Amino acid sequence: MKRTHHCNELRPAHIGQTVTLSGWVHSRRDLGGLIFIDIRDREGRTQTVFDPSDLTPEQFTQAASLRSECVVSLTGKVRHRPDGTNNSKIPTGEIEVGITAFEVLNMAEVLPFQIDDPEAAAKVAEDTRLQYRYLDLRRPEMARNLKVRSKVAIATRSFMDEQGFLEVETPTLFKSTPEGAREFLVPNRREAGTFYALPQSPQQFKQILMVAGVEKYFQLARCYRDEDLRADRQPEFTQVDIEMSFIDREDIYALIEGLLKRVWKTALNMDIPTPFKRISFEEALNRFGIDKPDTRFAMELVDMTEDFRASTFKVFSGTIANGGVVKALNAKGLAGATQGQLETMTEYAKSFGAKGLAFIKVENGEWKSPIVKFFSEAEKAALTTKLAIQEGDLILFAADQWLNACEILGKIRLYCADVLKTQGKLVIDPKQFNFLWVIEFPLLGFDREQNRWYSSHHPFTAPVADDIQFLKTDPKRVRGQHYDIVVNGVELGGGSIRIHQPNVQKTIFEELLAIPPEETRLRFGYMLDAFKYGAPPHGGIALGFDRLIAILCGTQSIRDVIAFPKTAKGTCLMTDSPSQVSPKQLRDLYIEVKAKPVTPPAPAPAK
RNA sequence: GGGGGUGUAGCUCAAUUGGUUAGAGCGCUGCCCUGUCACGGCAGAGGUUACGGGUUCGAGCCCCGCCACUCCCGCCA
């Protein structure tokens, strides 16, 4: 009995037809003399009815033994439901199938957790869901996520194809290039002590492809980073990797805007307006305290430096005298913040090296604050005006070096927004998507501990042409041709126009990043070689595909949009990896394990 | 590497100040039920309170250790 329809297909128009549905028993309502079974497949579900007058007694008994998630093939006639028994919650709710024959393809044991009730299933502990991922993925919510992911991948490929891009696969057994993220290493059996590394990104290959004349490359590339995980970070992940020749930044902006337009249309049937707004790194920090601002709500940072330059409050004026700034933030309506919430904010501030967090609670027409007694009338007036202070507000201050002060308040701003959201005082439309290009990042940052410059993006990023002159004299001033695409406070991706002249690249490596020439040769020699033979000017971008899908699916965790994700410690609960290997495997790889194997914990109950 | 949170029945949770035999809903098992869709009714089974120590007359609860999961900082060119 092959299926004739899927479980979300039958409508009143099919009434009278004999059909066969295949799928899983979603739920069963056994009324004794009549059994209802909702059969579910990937597409949806349909109510079927087992009536003793249509079946042999043996068949009816067998039907009564079916439980959740048994696999069945059901044949019967589509009919109207009796008056008053339509189910408006499901698309097939106007009809039902009166079963005349069926086949049990497989029985199912009692489930470790229920998957038929969306609310209950959503509350199940994530480790249980991960251990039984094949059950978790049957839930319609998870199936939908996989579907969105597939649709978006295909839309991306067809869009990129239309734009003249070639999809090229690059190796996942690559060379260790220990700049940036820690790499996963793969030992080489053929030569003791040598290793491949899994790529953190196809960065170098895609630039070489430009030298190879591919001109327009893209790939849905798997990338690997051996760093600690977060809700939005997995050790292996997928990025939409793009590189083009003979272009400038505007070409990338236009391309990505077109791609995202297509993606939002495909996934959500939404028309997103383009072009996207642009904001400089400096402005983003000044206004939002972060380089990936969430602009769906205001609560912007305000600079109070000039108002407090001559203040008698030494904490502020002293910081300013040392070249620092005073920034303030009005958390509207948060005057009622609890002690705990204020402490959390203070901890944030302290984790950035601040001594504390100054605040003013505006309650009952009064400014409650340990510091306000030090403020002059003029200073108070400036605060009132610039911060639009009203009853019920909470004002927070950071006095520090510019970047620090901004970042502290940036964190606090997000924290306050979360608190206001849970209090219902801040409501954000889930259908709102604020796209933003963040541009004009500094090319280099300075590492005080190691006393050297580092690339704020990566060492292949081209400086803004006007700033090349400052490379050797005033590196801090050099802006990079780097851009990030941000939506709703999430960094969706980033890229840059690359350096294509070997001499500029050499200057960056050797003079600024202070990598010794022989090491540069060892690590990037092949790339510098390639650039000698006619490298076109080029640039590109990479979008975090998992994050993109998470945003489209409205989930916080990328684990919800990855079929088989790892836990926060990088393990797979379903397959129990990583695992120990046999001594022979280790011998073949010339590897000796020094650390004592951990005494295996009680193994998870095998089911 | 650091900080926070969680761990009690298959699942989700409760258990007063440390005090009787650790409870509930769902699920599961049995019986009844021909219009349910969170079906309903009756009865029942199901627990090494993650694990190992300790304090105490007495520990799910307090202390120490440890494991797992999770969130954040560091890290993620």
# chains A, B, ... in the order shown; residues from 1 in each chain; ligands from 1
>>> interface_residues(of="chain B", to="chain A", cutoff="7 Å", atoms="only C-alpha atoms (C1' of nucleotides)", output="list in words")
G10, C11, C33, U34, U36, C39, C69, C75, C76 and A77 of chain B
>>> select_by_dssp(residues="segment 3-166 of chain A", states="strand (DSSP E)", output="JSON, numbers by chain")
{"A": [18, 19, 20, 21, 22, 23, 24, 25, 26, 27, 28, 29, 30, 35, 36, 37, 38, 39, 40, 41, 44, 45, 46, 47, 48, 49, 50, 71, 72, 73, 74, 75, 76, 77, 78, 79, 80, 95, 96, 97, 98, 99, 100, 101, 102, 103, 104, 105, 106, 166]}
>>> write_last_selection(atoms="C-alpha atoms", output="short mmCIF file (atom, residue, chain, number, x, y, z; two decimals), in the first residue's frame")
data_model
loop_
_atom_site.label_atom_id
_atom_site.label_comp_id
_atom_site.auth_asym_id
_atom_site.auth_seq_id
_atom_site.Cartn_x
_atom_site.Cartn_y
_atom_site.Cartn_z
CA THR A 18 -10.11 6.14 -1.54
CA VAL A 19 -6.67 7.17 -0.29
CA THR A 20 -3.68 5.73 1.49
CA LEU A 21 -1.71 7.70 4.05
CA SER A 22 1.61 6.62 5.54
CA GLY A 23 3.23 8.00 8.63
CA TRP A 24 3.35 7.89 12.40
CA VAL A 25 0.57 7.56 14.95
CA HIS A 26 0.50 11.09 16.35
CA SER A 27 -2.28 10.56 18.83
CA ARG A 28 -5.02 8.06 19.51
CA ARG A 29 -8.45 8.54 21.03
CA ASP A 30 -9.97 5.16 21.80
CA ILE A 35 -11.07 4.73 17.54
CA PHE A 36 -9.67 7.98 16.21
CA ILE A 37 -6.05 8.00 15.13
CA ASP A 38 -4.30 11.15 13.95
CA ILE A 39 -1.68 10.09 11.46
CA ARG A 40 1.27 12.44 11.01
CA ASP A 41 3.96 12.74 8.39
CA GLY A 44 1.04 17.58 8.72
CA ARG A 45 -1.65 15.36 10.14
CA THR A 46 -5.02 13.88 9.31
CA GLN A 47 -7.71 12.33 11.47
CA THR A 48 -8.61 8.76 10.62
CA VAL A 49 -11.51 6.76 12.06
CA PHE A 50 -11.54 3.04 12.84
CA VAL A 71 4.49 3.50 11.77
CA VAL A 72 1.40 2.72 9.76
CA SER A 73 -0.08 2.78 6.32
CA LEU A 74 -3.81 3.48 6.36
CA THR A 75 -6.29 3.13 3.53
CA GLY A 76 -9.85 4.37 3.48
CA LYS A 77 -12.38 6.76 2.05
CA VAL A 78 -12.22 10.53 2.57
CA ARG A 79 -15.44 11.89 4.01
CA HIS A 80 -16.95 14.95 5.63
CA ILE A 95 -12.41 15.89 6.59
CA GLU A 96 -11.52 12.50 8.00
CA VAL A 97 -10.61 9.14 6.51
CA GLY A 98 -12.74 6.11 7.36
CA ILE A 99 -10.24 3.28 7.44
CA THR A 100 -11.04 0.04 5.61
CA ALA A 101 -7.58 -1.51 5.49
CA PHE A 102 -4.27 -0.85 7.15
CA GLU A 103 -0.79 -2.16 7.62
CA VAL A 104 1.39 -1.78 10.69
CA LEU A 105 4.85 -1.12 9.28
CA ASN A 106 6.53 -0.94 12.66
CA LEU A 166 30.37 29.40 -9.16
#
>>> atom_distance(atom1="atom C1' of C26 of chain B", atom2="atom C1' of G46 of chain B")
13.9 Å
>>> residues_around(residues="Phe281 of chain A", least_positions_apart="5", cutoff="7 Å", atoms="only C-alpha atoms (C1' of nucleotides)", output="PDB file with N, CA and C atoms, in the first residue's frame")
ATOM      1  N   ASP A 291      29.416  46.971  18.593  1.00  0.00           N
ATOM      2  CA  ASP A 291      29.607  47.041  17.137  1.00  0.00           C
ATOM      3  C   ASP A 291      28.544  46.253  16.375  1.00  0.00           C
ATOM      4  N   VAL A 438      27.615  47.756   9.404  1.00  0.00           N
ATOM      5  CA  VAL A 438      28.565  48.464  10.257  1.00  0.00           C
ATOM      6  C   VAL A 438      29.870  48.541   9.483  1.00  0.00           C
ATOM      7  N   ILE A 439      30.370  49.757   9.321  1.00  0.00           N
ATOM      8  CA  ILE A 439      31.516  49.955   8.432  1.00  0.00           C
ATOM      9  C   ILE A 439      32.605  50.774   9.134  1.00  0.00           C
ATOM     10  N   GLU A 440      33.713  50.920   8.440  1.00  0.00           N
ATOM     11  CA  GLU A 440      34.827  51.735   8.919  1.00  0.00           C
ATOM     12  C   GLU A 440      35.351  51.295  10.276  1.00  0.00           C
ATOM     13  N   PHE A 441      35.625  50.025  10.349  1.00  0.00           N
ATOM     14  CA  PHE A 441      36.279  49.490  11.540  1.00  0.00           C
ATOM     15  C   PHE A 441      37.751  49.896  11.520  1.00  0.00           C
TER      16      PHE A 441
END
>>> closest_residue(among="A:Ala337, A:Ala13, A:Leu512, A:Met142", to="Arg559 of chain A", atoms="only C-alpha atoms")
A:Met142
>>> atom_distance(atom1="atom CA of Thr422 of chain A", atom2="atom CA of Arg139 of chain A")
27.5 Å
>>> select_by_dssp(residues="segment 200-316 of chain A", states="helix (DSSP H, G or I)", output="MDAnalysis selection string")
chainID A and resid 203:211 249:268 281:288 305:308 314:316
>>> closest_residue(among="A:Cys223, A:Leu198, A:Ala563, A:Leu357", to="Ser369 of chain A", atoms="only C-alpha atoms")
A:Leu357
>>> atom_distance(atom1="atom CA of Ser158 of chain A", atom2="atom CA of Phe433 of chain A")
23.3 Å
>>> closest_atom_pairs(of="segment 476-586 of chain A", to="segment 208-213 of chain A", cutoff="10 Å", atoms="only C-alpha atoms", output="JSON lines")
{"residue": "A:His500", "atom": "CA", "partner": "A:Val211", "partner_atom": "CA", "distance": 9.3}
{"residue": "A:Tyr526", "atom": "CA", "partner": "A:Ile208", "partner_atom": "CA", "distance": 9.3}
{"residue": "A:Met527", "atom": "CA", "partner": "A:Ile208", "partner_atom": "CA", "distance": 7.0}
{"residue": "A:Leu528", "atom": "CA", "partner": "A:Ile208", "partner_atom": "CA", "distance": 9.9}
{"residue": "A:Ala530", "atom": "CA", "partner": "A:Val211", "partner_atom": "CA", "distance": 6.8}
{"residue": "A:Phe531", "atom": "CA", "partner": "A:Val211", "partner_atom": "CA", "distance": 7.0}
{"residue": "A:Lys532", "atom": "CA", "partner": "A:Val211", "partner_atom": "CA", "distance": 9.5}
{"residue": "A:Tyr533", "atom": "CA", "partner": "A:Val211", "partner_atom": "CA", "distance": 7.9}
{"residue": "A:Gly534", "atom": "CA", "partner": "A:Val211", "partner_atom": "CA", "distance": 6.7}
{"residue": "A:Ala535", "atom": "CA", "partner": "A:Val211", "partner_atom": "CA", "distance": 4.7}
{"residue": "A:Pro536", "atom": "CA", "partner": "A:Val211", "partner_atom": "CA", "distance": 6.3}
{"residue": "A:Pro537", "atom": "CA", "partner": "A:Met210", "partner_atom": "CA", "distance": 8.5}
{"residue": "A:His538", "atom": "CA", "partner": "A:Met210", "partner_atom": "CA", "distance": 7.1}
{"residue": "A:Gly539", "atom": "CA", "partner": "A:Met210", "partner_atom": "CA", "distance": 9.1}
>>> residues_around(residues="Leu146 of chain A", least_positions_apart="4", cutoff="12 Å", atoms="only C-alpha atoms (C1' of nucleotides)", output="list of chain:residue names")
A:Arg42, A:Asp136, A:Leu137, A:Arg138, A:Arg139, A:Pro140, A:Glu141, A:Met142, A:Ser150, A:Lys151, A:Val152, A:Ala153, A:Ala267, A:Asp546, A:Ile549, A:Ala550, A:Leu552, A:Cys553, A:Ile558, A:Arg559, A:Asp560, A:Val561, A:Ile562, A:Ala563, A:Phe564
>>> write_last_selection(atoms="C-alpha atoms", output="PDB file, in the first residue's frame")
ATOM      1  CA  ARG A  42       6.450  15.472   7.525  1.00  0.00           C
ATOM      2  CA  ASP A 136      12.909  15.614  18.669  1.00  0.00           C
ATOM      3  CA  LEU A 137      13.184  16.226  14.939  1.00  0.00           C
ATOM      4  CA  ARG A 138       9.768  14.619  14.374  1.00  0.00           C
ATOM      5  CA  ARG A 139       8.174  17.500  16.252  1.00  0.00           C
ATOM      6  CA  PRO A 140       6.514  19.802  13.733  1.00  0.00           C
ATOM      7  CA  GLU A 141       8.403  22.827  15.101  1.00  0.00           C
ATOM      8  CA  MET A 142      11.771  21.176  14.516  1.00  0.00           C
ATOM      9  CA  SER A 150      16.740  23.615   3.248  1.00  0.00           C
ATOM     10  CA  LYS A 151      14.633  26.202   1.426  1.00  0.00           C
ATOM     11  CA  VAL A 152      17.034  28.995   2.307  1.00  0.00           C
ATOM     12  CA  ALA A 153      20.050  26.953   1.223  1.00  0.00           C
ATOM     13  CA  ALA A 267      11.454  31.881   4.214  1.00  0.00           C
ATOM     14  CA  ASP A 546      23.104  28.807  11.218  1.00  0.00           C
ATOM     15  CA  ILE A 549      18.299  30.354   9.947  1.00  0.00           C
ATOM     16  CA  ALA A 550      17.915  30.865  13.693  1.00  0.00           C
ATOM     17  CA  LEU A 552      14.338  33.343  10.407  1.00  0.00           C
ATOM     18  CA  CYS A 553      12.974  30.635  12.701  1.00  0.00           C
ATOM     19  CA  ILE A 558      21.417  27.730  16.687  1.00  0.00           C
ATOM     20  CA  ARG A 559      21.109  24.217  18.076  1.00  0.00           C
ATOM     21  CA  ASP A 560      17.448  24.417  17.115  1.00  0.00           C
ATOM     22  CA  VAL A 561      18.311  24.792  13.450  1.00  0.00           C
ATOM     23  CA  ILE A 562      21.096  22.223  13.248  1.00  0.00           C
ATOM     24  CA  ALA A 563      19.988  18.618  12.809  1.00  0.00           C
ATOM     25  CA  PHE A 564      22.612  17.104  15.101  1.00  0.00           C
TER      26      PHE A 564
END
>>> closest_residue(among="A:Gln469, A:Gln17, A:Thr344, A:Ser68", to="C28 of chain B", atoms="only C-alpha atoms (C1' of nucleotides)")
A:Ser68
>>> residues_around(residues="Thr156 of chain A", least_positions_apart="2", cutoff="10 Å", atoms="only C-alpha atoms (C1' of nucleotides)", output="list in words")
Ser150, Lys151, Val152, Ala153, Ile154, Ser158, Phe159, Met160, Asp161, Glu162, Phe218, Gln219, Leu220, Val240, Leu259, Leu260, Arg262, Val263 and Thr266 of chain A
>>> write_last_selection(atoms="all heavy atoms", output="compact mmCIF listing (two decimals), in the first residue's frame")
# COMPACT_ATOMS: atom_id res chain seq x y z
N SER A 150 16.57 24.16 4.59
CA SER A 150 16.74 23.61 3.25
C SER A 150 16.29 24.62 2.19
O SER A 150 16.99 24.86 1.21
CB SER A 150 15.93 22.32 3.13
OG SER A 150 15.92 21.87 1.81
N LYS A 151 15.15 25.23 2.40
CA LYS A 151 14.63 26.20 1.43
C LYS A 151 15.59 27.37 1.25
O LYS A 151 15.81 27.86 0.15
CB LYS A 151 13.27 26.74 1.89
CG LYS A 151 12.16 25.71 1.91
CD LYS A 151 11.54 25.51 0.55
CE LYS A 151 10.46 24.45 0.59
NZ LYS A 151 10.55 23.49 -0.51
N VAL A 152 16.14 27.84 2.38
CA VAL A 152 17.03 29.00 2.31
C VAL A 152 18.34 28.61 1.62
O VAL A 152 18.90 29.38 0.84
CB VAL A 152 17.28 29.58 3.72
CG1 VAL A 152 18.37 30.64 3.67
CG2 VAL A 152 15.99 30.17 4.26
N ALA A 153 18.82 27.39 1.89
CA ALA A 153 20.05 26.95 1.22
C ALA A 153 19.84 26.92 -0.28
O ALA A 153 20.69 27.39 -1.06
CB ALA A 153 20.46 25.57 1.73
N ILE A 154 18.70 26.40 -0.69
CA ILE A 154 18.43 26.29 -2.13
C ILE A 154 18.22 27.68 -2.74
O ILE A 154 18.73 27.97 -3.82
CB ILE A 154 17.23 25.35 -2.37
CG1 ILE A 154 17.69 23.92 -2.08
CG2 ILE A 154 16.71 25.48 -3.79
CD1 ILE A 154 16.58 22.93 -1.92
N SER A 158 20.40 29.30 -5.77
CA SER A 158 19.86 29.75 -7.05
C SER A 158 20.11 31.25 -7.23
O SER A 158 20.43 31.70 -8.33
CB SER A 158 18.39 29.38 -7.21
OG SER A 158 17.63 30.03 -6.26
N PHE A 159 20.02 32.01 -6.14
CA PHE A 159 20.32 33.45 -6.26
C PHE A 159 21.77 33.67 -6.69
O PHE A 159 22.03 34.45 -7.60
CB PHE A 159 20.05 34.16 -4.94
CG PHE A 159 20.35 35.64 -4.98
CD1 PHE A 159 19.42 36.54 -5.46
CD2 PHE A 159 21.59 36.12 -4.55
CE1 PHE A 159 19.71 37.90 -5.51
CE2 PHE A 159 21.89 37.47 -4.60
CZ PHE A 159 20.94 38.36 -5.08
N MET A 160 22.67 32.97 -6.05
CA MET A 160 24.08 33.16 -6.37
C MET A 160 24.38 32.70 -7.80
O MET A 160 25.17 33.32 -8.51
CB MET A 160 24.97 32.41 -5.37
CG MET A 160 24.87 32.93 -3.94
SD MET A 160 25.15 34.69 -3.75
CE MET A 160 26.95 34.73 -3.89
N ASP A 161 23.72 31.64 -8.22
CA ASP A 161 23.87 31.16 -9.60
C ASP A 161 23.39 32.23 -10.57
O ASP A 161 24.06 32.56 -11.55
CB ASP A 161 23.08 29.87 -9.77
CG ASP A 161 23.15 29.34 -11.19
OD1 ASP A 161 24.28 29.15 -11.68
OD2 ASP A 161 22.09 29.13 -11.81
N GLU A 162 22.22 32.82 -10.28
CA GLU A 162 21.70 33.87 -11.16
C GLU A 162 22.66 35.05 -11.24
O GLU A 162 22.73 35.73 -12.25
CB GLU A 162 20.35 34.39 -10.61
CG GLU A 162 19.20 33.42 -10.77
CD GLU A 162 18.04 33.76 -9.84
OE1 GLU A 162 17.90 34.95 -9.47
OE2 GLU A 162 17.30 32.84 -9.47
N PHE A 218 31.20 31.19 -4.54
CA PHE A 218 30.48 31.06 -3.27
C PHE A 218 30.48 29.60 -2.88
O PHE A 218 30.76 28.71 -3.68
CB PHE A 218 29.06 31.60 -3.37
CG PHE A 218 28.05 30.59 -3.84
CD1 PHE A 218 27.19 29.96 -2.95
CD2 PHE A 218 27.97 30.26 -5.19
CE1 PHE A 218 26.26 29.03 -3.39
CE2 PHE A 218 27.04 29.34 -5.63
CZ PHE A 218 26.18 28.71 -4.75
N GLN A 219 30.17 29.36 -1.60
CA GLN A 219 30.10 28.00 -1.11
C GLN A 219 29.32 28.01 0.20
O GLN A 219 29.45 28.93 1.00
CB GLN A 219 31.54 27.49 -0.84
CG GLN A 219 31.60 26.09 -0.31
CD GLN A 219 33.02 25.59 -0.01
OE1 GLN A 219 33.23 24.42 0.15
NE2 GLN A 219 33.98 26.50 0.05
N LEU A 220 28.50 26.99 0.41
CA LEU A 220 27.94 26.77 1.74
C LEU A 220 28.97 25.92 2.45
O LEU A 220 28.98 24.69 2.29
CB LEU A 220 26.57 26.08 1.66
CG LEU A 220 25.47 26.89 0.99
CD1 LEU A 220 24.11 26.23 1.17
CD2 LEU A 220 25.41 28.30 1.57
N VAL A 240 27.81 30.95 4.58
CA VAL A 240 27.68 31.26 3.16
C VAL A 240 28.90 32.09 2.83
O VAL A 240 29.01 33.25 3.22
CB VAL A 240 26.39 32.05 2.88
CG1 VAL A 240 26.27 32.33 1.38
CG2 VAL A 240 25.18 31.30 3.38
N LEU A 259 20.57 39.19 -1.83
CA LEU A 259 20.48 37.82 -1.31
C LEU A 259 19.51 37.74 -0.13
O LEU A 259 18.64 36.87 -0.07
CB LEU A 259 21.87 37.32 -0.89
CG LEU A 259 21.92 35.98 -0.16
CD1 LEU A 259 21.40 34.86 -1.05
CD2 LEU A 259 23.35 35.66 0.29
N LEU A 260 19.66 38.68 0.81
CA LEU A 260 18.80 38.63 2.00
C LEU A 260 17.35 38.93 1.64
O LEU A 260 16.43 38.37 2.23
CB LEU A 260 19.34 39.58 3.08
CG LEU A 260 20.70 39.15 3.66
CD1 LEU A 260 21.19 40.15 4.70
CD2 LEU A 260 20.64 37.76 4.26
N ARG A 262 15.94 38.03 -1.09
CA ARG A 262 15.44 36.76 -1.62
C ARG A 262 15.17 35.78 -0.48
O ARG A 262 14.15 35.09 -0.45
CB ARG A 262 16.47 36.17 -2.59
CG ARG A 262 16.15 34.76 -3.09
CD ARG A 262 15.05 34.74 -4.14
NE ARG A 262 15.44 35.49 -5.31
CZ ARG A 262 16.09 34.99 -6.37
NH1 ARG A 262 16.37 33.71 -6.40
NH2 ARG A 262 16.43 35.75 -7.39
N VAL A 263 16.09 35.74 0.46
CA VAL A 263 15.97 34.78 1.56
C VAL A 263 14.75 35.09 2.42
O VAL A 263 13.97 34.20 2.77
CB VAL A 263 17.26 34.79 2.42
CG1 VAL A 263 17.02 34.12 3.76
CG2 VAL A 263 18.38 34.09 1.67
N THR A 266 11.68 34.11 0.59
CA THR A 266 11.53 32.66 0.52
C THR A 266 11.06 32.08 1.85
O THR A 266 10.13 31.28 1.90
CB THR A 266 12.88 31.99 0.16
OG1 THR A 266 13.33 32.55 -1.07
CG2 THR A 266 12.75 30.49 0.02
>>> residues_around(residues="Gly540 of chain A", least_positions_apart="4", cutoff="7 Å", atoms="only C-alpha atoms (C1' of nucleotides)", output="compact mmCIF listing (two decimals) with C-alpha atoms, in the first residue's frame")
# COMPACT_ATOMS: atom_id res chain seq x y z
CA ILE A 242 31.49 34.59 -0.92
CA GLU A 243 34.36 36.20 -2.83
CA MET A 244 34.40 38.42 -5.95
CA ILE A 252 29.19 43.51 -1.80
CA GLY A 495 33.89 40.59 5.23
CA SER A 496 36.27 42.95 3.60
CA ILE A 497 38.01 44.11 0.50
>>> residues_around(residues="Lys368 of chain A", least_positions_apart="2", cutoff="12 Å", atoms="only C-alpha atoms (C1' of nucleotides)", output="list in words")
Ala335, Gly336, Ala358, Phe359, Ile360, Lys361, Val362, Glu363, Asn364, Gly365, Glu366, Pro370, Ile371, Val372, Lys373, Glu391, Gly392, Asp393, Leu394 and Ile395 of chain A
>>> write_last_selection(atoms="C-alpha atoms", output="PDB file, in the first residue's frame")
ATOM      1  CA  ALA A 335      13.699  53.284  38.436  1.00  0.00           C
ATOM      2  CA  GLY A 336      12.148  50.324  40.216  1.00  0.00           C
ATOM      3  CA  ALA A 358      26.989  55.197  39.077  1.00  0.00           C
ATOM      4  CA  PHE A 359      23.227  55.549  38.854  1.00  0.00           C
ATOM      5  CA  ILE A 360      20.313  57.857  39.543  1.00  0.00           C
ATOM      6  CA  LYS A 361      16.840  56.546  40.304  1.00  0.00           C
ATOM      7  CA  VAL A 362      14.142  59.075  39.479  1.00  0.00           C
ATOM      8  CA  GLU A 363      11.345  58.256  41.873  1.00  0.00           C
ATOM      9  CA  ASN A 364       8.607  60.376  43.433  1.00  0.00           C
ATOM     10  CA  GLY A 365      10.025  63.483  41.804  1.00  0.00           C
ATOM     11  CA  GLU A 366      13.336  62.932  43.493  1.00  0.00           C
ATOM     12  CA  PRO A 370      24.812  58.380  46.037  1.00  0.00           C
ATOM     13  CA  ILE A 371      26.514  60.813  43.673  1.00  0.00           C
ATOM     14  CA  VAL A 372      23.945  63.433  42.812  1.00  0.00           C
ATOM     15  CA  LYS A 373      24.967  65.613  45.767  1.00  0.00           C
ATOM     16  CA  GLU A 391       9.679  60.256  36.538  1.00  0.00           C
ATOM     17  CA  GLY A 392      10.421  56.515  36.750  1.00  0.00           C
ATOM     18  CA  ASP A 393      13.718  56.630  34.836  1.00  0.00           C
ATOM     19  CA  LEU A 394      16.983  55.022  35.809  1.00  0.00           C
ATOM     20  CA  ILE A 395      20.118  56.838  34.713  1.00  0.00           C
TER      21      ILE A 395
END
>>> closest_residue(among="B:G44, B:G74, B:G58, B:G65", to="G18 of chain B", atoms="only C-alpha atoms (C1' of nucleotides)")
B:G58
>>> decode(residues="segment 10-15 of chain A", atoms="all heavy atoms", output="PDB file, in the first residue's frame")
ATOM      1  N   LEU A  10      -5.337  16.416   2.251  1.00  0.00           N
ATOM      2  CA  LEU A  10      -6.735  16.132   1.952  1.00  0.00           C
ATOM      3  C   LEU A  10      -7.643  17.272   2.394  1.00  0.00           C
ATOM      4  O   LEU A  10      -7.493  17.841   3.469  1.00  0.00           O
ATOM      5  CB  LEU A  10      -7.152  14.821   2.625  1.00  0.00           C
ATOM      6  CG  LEU A  10      -6.366  13.600   2.139  1.00  0.00           C
ATOM      7  CD1 LEU A  10      -6.734  12.365   2.945  1.00  0.00           C
ATOM      8  CD2 LEU A  10      -6.585  13.377   0.652  1.00  0.00           C
ATOM      9  N   ARG A  11      -8.588  17.596   1.514  1.00  0.00           N
ATOM     10  CA  ARG A  11      -9.536  18.684   1.727  1.00  0.00           C
ATOM     11  C   ARG A  11     -10.919  18.184   1.306  1.00  0.00           C
ATOM     12  O   ARG A  11     -11.038  17.101   0.740  1.00  0.00           O
ATOM     13  CB  ARG A  11      -9.136  19.890   0.841  1.00  0.00           C
ATOM     14  CG  ARG A  11      -7.762  20.505   1.159  1.00  0.00           C
ATOM     15  CD  ARG A  11      -7.758  21.235   2.497  1.00  0.00           C
ATOM     16  NE  ARG A  11      -6.471  21.895   2.749  1.00  0.00           N
ATOM     17  CZ  ARG A  11      -5.416  21.315   3.296  1.00  0.00           C
ATOM     18  NH1 ARG A  11      -5.483  20.035   3.634  1.00  0.00           N
ATOM     19  NH2 ARG A  11      -4.300  21.979   3.505  1.00  0.00           N
ATOM     20  N   PRO A  12     -11.966  18.985   1.538  1.00  0.00           N
ATOM     21  CA  PRO A  12     -13.316  18.557   1.125  1.00  0.00           C
ATOM     22  C   PRO A  12     -13.377  18.133  -0.347  1.00  0.00           C
ATOM     23  O   PRO A  12     -14.176  17.269  -0.717  1.00  0.00           O
ATOM     24  CB  PRO A  12     -14.164  19.792   1.395  1.00  0.00           C
ATOM     25  CG  PRO A  12     -13.481  20.450   2.559  1.00  0.00           C
ATOM     26  CD  PRO A  12     -12.014  20.224   2.340  1.00  0.00           C
ATOM     27  N   ALA A  13     -12.505  18.705  -1.188  1.00  0.00           N
ATOM     28  CA  ALA A  13     -12.513  18.329  -2.603  1.00  0.00           C
ATOM     29  C   ALA A  13     -12.175  16.861  -2.827  1.00  0.00           C
ATOM     30  O   ALA A  13     -12.488  16.311  -3.878  1.00  0.00           O
ATOM     31  CB  ALA A  13     -11.522  19.211  -3.372  1.00  0.00           C
ATOM     32  N   HIS A  14     -11.525  16.240  -1.857  1.00  0.00           N
ATOM     33  CA  HIS A  14     -11.140  14.836  -2.022  1.00  0.00           C
ATOM     34  C   HIS A  14     -12.220  13.878  -1.542  1.00  0.00           C
ATOM     35  O   HIS A  14     -12.038  12.655  -1.599  1.00  0.00           O
ATOM     36  CB  HIS A  14      -9.852  14.545  -1.247  1.00  0.00           C
ATOM     37  CG  HIS A  14      -8.659  15.308  -1.733  1.00  0.00           C
ATOM     38  ND1 HIS A  14      -8.297  16.530  -1.224  1.00  0.00           N
ATOM     39  CD2 HIS A  14      -7.756  15.023  -2.720  1.00  0.00           C
ATOM     40  CE1 HIS A  14      -7.208  16.963  -1.849  1.00  0.00           C
ATOM     41  NE2 HIS A  14      -6.869  16.073  -2.768  1.00  0.00           N
ATOM     42  N   ILE A  15     -13.311  14.399  -1.058  1.00  0.00           N
ATOM     43  CA  ILE A  15     -14.336  13.539  -0.460  1.00  0.00           C
ATOM     44  C   ILE A  15     -14.824  12.508  -1.468  1.00  0.00           C
ATOM     45  O   ILE A  15     -15.060  12.826  -2.630  1.00  0.00           O
ATOM     46  CB  ILE A  15     -15.501  14.398   0.091  1.00  0.00           C
ATOM     47  CG1 ILE A  15     -15.045  15.037   1.410  1.00  0.00           C
ATOM     48  CG2 ILE A  15     -16.760  13.555   0.337  1.00  0.00           C
ATOM     49  CD1 ILE A  15     -15.918  16.146   1.902  1.00  0.00           C
TER      50      ILE A  15
END
